[in-house]
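**Student:** I am attaching a structure below and will ask some questions about it afterwards.
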There are 2 protein chains.
Amino acid sequence: VKTQLDIPAFDNPVLEAEVRARWDNLTKPPGSLGLLEDLGTRFALIRGEAMPPLDSKAMYVFCGDHGVTKEGVSAFPSEVTAHMVRNFLRGGAAINVLCRNYGIETTIVDCGVDAPCETGAVDCKIAHGTANFAVEPAMTRNQAEGAIENGIALARAAAEKYQIAGIGEMGIGNTTSASALLCTLCGVAPAQATGRGAGLDDAGVIRKTRVIEAALARHAACAEDAIGALAALGGFEIATMTGFLLGAASARLPVVIDGFIASSAALIARDLSPHAAQAWFFAHCSAEKAHRAMLAQLGARPMLELDMRLGEGSAAAIGISLIESAMKLYREMATFQDLH
Amino acid sequence: VKTQLDIPAFDNPVLEAEVRARWDNLTKPPGSLGLLEDLGTRFALIRGEAMPPLDSKAMYVFCGDHGVTKEGVSAFPSEVTAHMVRNFLRGGAAINVLCRNYGIETTIVDCGVDAPCETGAVDCKIAHGTANFAVEPAMTRNQAEGAIENGIALARAAAEKYQIAGIGEMGIGNTTSASALLCTLCGVAPAQATGRGAGLDDAGVIRKTRVIEAALARHAACAEDAIGALAALGGFEIATMTGFLLGAASARLPVVIDGFIASSAALIARDLSPHAAQAWFFAHCSAEKAHRAMLAQLGARPMLELDMRLGEGSAAAIGISLIESAMKLYREMATFQDLH
């Protein structure tokens, strides 16, 4: 698998000094735009230029089904994934409304939905859902690598068209995968890593925690490296997002990462290429229980904290709009010279 | 002064149940849009209807000068207020860029700038800056009441044209007023209430704290009620915002409050009419030291925390865009019935 991509050096003290000097010369007290100045500076460093345009914005929604739903780990049945894919393609989901509002183009990616690929979705389907990782690895190592390569190719194509991209997902059961990955990659205890997902009750959370505990024991041997962990416990949408994060960094395409599941892809991608993480923004800290711990593992400061827990890229859409605002401030504000 | 306005009853359990039922029927797990659902529900309750439109958005920037700047309490000279008013009117300030980006109309209000009222600004000038409250009350009680009435009238006119309004401000020296008001109205100690404003150094903060301590002692007698405190320690822009908050509530115009200084107007307005506070949203917790304590006094949960400390309405503009996104989700998302 070609995960050893050539990632550019995003650190550039000369460029950073130039960008910070422009911020300080705008008609406001130095630093008074706070995080917006940092976001804008990072955007410029990722793009590698002092006045980068930000006109074309993309959202990729990665969809896949999960065999582990057979264990009763989700408040919703598996079929909801395919229903929601149709909803995305008809424009009726939250992510569609938000992306229309912010002028972001949406792309729906079928990474492994347990239904025929819908017209209008990008076909990156590896299989009709993963295997049930309570009894066997979710996927083969080849499948994991294939999904990563799909994501890399998508990101490289995206970088030709867009100047920023958000990543979100849909997949009933996928918080179970994300929690299991947090446990195996970071040593977090299953009881700390397991939350309500789309709305489990207390008994459901206990069941989900036990499924994760058993799976960690079952797959300990093959989950010793990141791709092994991804194959054993992950999902096709998580694997494809992993590739997207790497491919985007290699192409200087800044990525805004949505929530708990998208962040779990970042855990794996960072393991494969630590340097790539400089190209990513984290949109929010979600209401899913272990997202704060996952963000801490990633050393990430999220932009927003709105108690959202929808996924789909919903918080990433808002995050893109914040970066867009930052770049408009950076480009369009008067300087102190203009005042006189 | 007509501060005893007729404020409508915003509590409406029947309407609230109808609005919450619509949120729960949209194609997402119940509650998964988090704070966006709460913001949208509150917007509908303030408007008093189940499907309120949100198409016309306003930002009011209240400007005024402060005699207390003679005590060296600000990192910038007083003249910067008038410079920034011209910058607002030419469209070069941060608030202009943000409002253009979010489709918000800006109105610049001269409440007491120490310069002739600029063409293009709304003339609500009470005087050319307040008196220096280190030596005498910042304004007379009559002036405070006049500014409040100006704000009420502005809000009532705004409610004819707009469906939401943000309030922000510009006034060199006005964090000194806002900190002093927090001390006198809430019993917060000056050392806890005093921050860097637009960029004071440590010695400046100590000087500013001493000015506030002395002013609290000097004006203790006349600052026993909210209008007395406002007259002794406030600013013309703070007084006009106070009126705006009351007038908006009386006209069912939701208001998004910007930062530390705008929040200090909310402290006074709530004292005058506690019920009106239900019509207000707090955009952010700013980086100004005592804003968190002030928001706690107001029982407010801010939408954003981006380390911003610019004022002008900059965070309120982003807050309006969040409420707009919430209302678009509420109005435009598919319901579960639509899916089948």
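Labels for the structure tokens follow display order: chains A, B, ..., residues from 1 in each chain, ligands from 1.
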If you run DSSP over the backbone, which residues in region 62-253 of chain A end up strand (DSSP E)? Put them as a VMD selection string.
**Tutor:** chain A and resid 62 to 64 104 to 112 122 to 123 164 to 170
**Student:** I need the residues of region 142-212 of chain A that end up classed as alpha helix (DSSP H) by DSSP on the backbone, written out as JSON, numbers by chain.
**Tutor:** {"A": [142, 143, 144, 145, 146, 147, 148, 149, 150, 151, 152, 153, 154, 155, 156, 157, 158, 159, 160, 161, 174, 175, 176, 177, 178, 179, 180, 181, 182, 183, 184, 185, 186, 190, 191, 192, 193, 202, 203, 204, 205, 206, 207, 208, 209, 210, 211, 212]}
**Student:** Just the residues within 12 Å of region 271-273 of chain A, please, counting only C-alpha atoms, with nothing from its chain fewer than 6 positions along; format it as a VMD selection string.
**Tutor:** chain A and resid 1 to 8 145 148 185 to 186 224 to 230 242 to 243 245 to 247 249 to 250 264 to 265 279 297 to 298
**Student:** Can you check which residues of chain A have any atom within 9 Å of chain B? Use only C-alpha atoms and format it as an NGL selection string.
**Tutor:** :A and (26-36 or 76 or 83-84 or 86-87 or 91-98 or 101-102 or 198-199 or 287 or 303-311 or 314 or 318 or 322 or 324-326 or 328-329 or 332-335 or 338-340)
**Student:** Taking 6 positions as the minimum chain separation for residues in the same chain, which residues sit within 9 Å of Ala158 (chain A) when counting only C-alpha atoms? Answer as a list in words.
**Tutor:**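 Everything that qualifies: Ala58, Ile164, Ala165, Ala248 and Leu253 of chain A.
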**Student:** Which is closer to Val85 (chain B) than all the others in B:Asp11, B:Glu105, B:Glu312, B:Asp258, using only C-alpha atoms?
**Tutor:**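 For Val85 (chain B), the nearest of the given residues is B:Glu312.
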**Student:** Report as a list of chain:residue names all protein, DNA and RNA residues lying within 6 Å of region 202-217 of chain B, evaluated on only C-alpha atoms, omitting residues in the same chain fewer than 2 positions from it.
**Tutor:**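 Counting only the stated atoms, we get B:Val73, B:Ala134, B:Ala180, B:Pro190, B:Thr194, B:Leu200, B:His219, B:Ala220.
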**Student:** Need the shell around Pro13 (chain B): protein/DNA/RNA residues with any atom at most 10 Å away, counting only C-alpha atoms. Skip same-chain ones fewer than 5 positions apart. Format as a list in words?
**Tutor:**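 Here the qualifying residues turn out to be Glu18, Val19 and Leu45 of chain B.
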**Student:** Mind checking which residues fall within 8 Å of Phe244 (chain B), counting only C-alpha atoms, ignoring those fewer than 6 positions away in the same chain, and posting them as an MDAnalysis selection string?
**Tutor:** chainID B and resid 148 150:155
**Student:** Please determine, counting only C-alpha atoms, which residue among A:Ala269, A:Met327, A:Ala316, A:Cys117 has the shortest atom-to-atom distance to Phe282 (chain A).
**Tutor:**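 Answer, going by the shortest atom-to-atom distance: A:Ala316.
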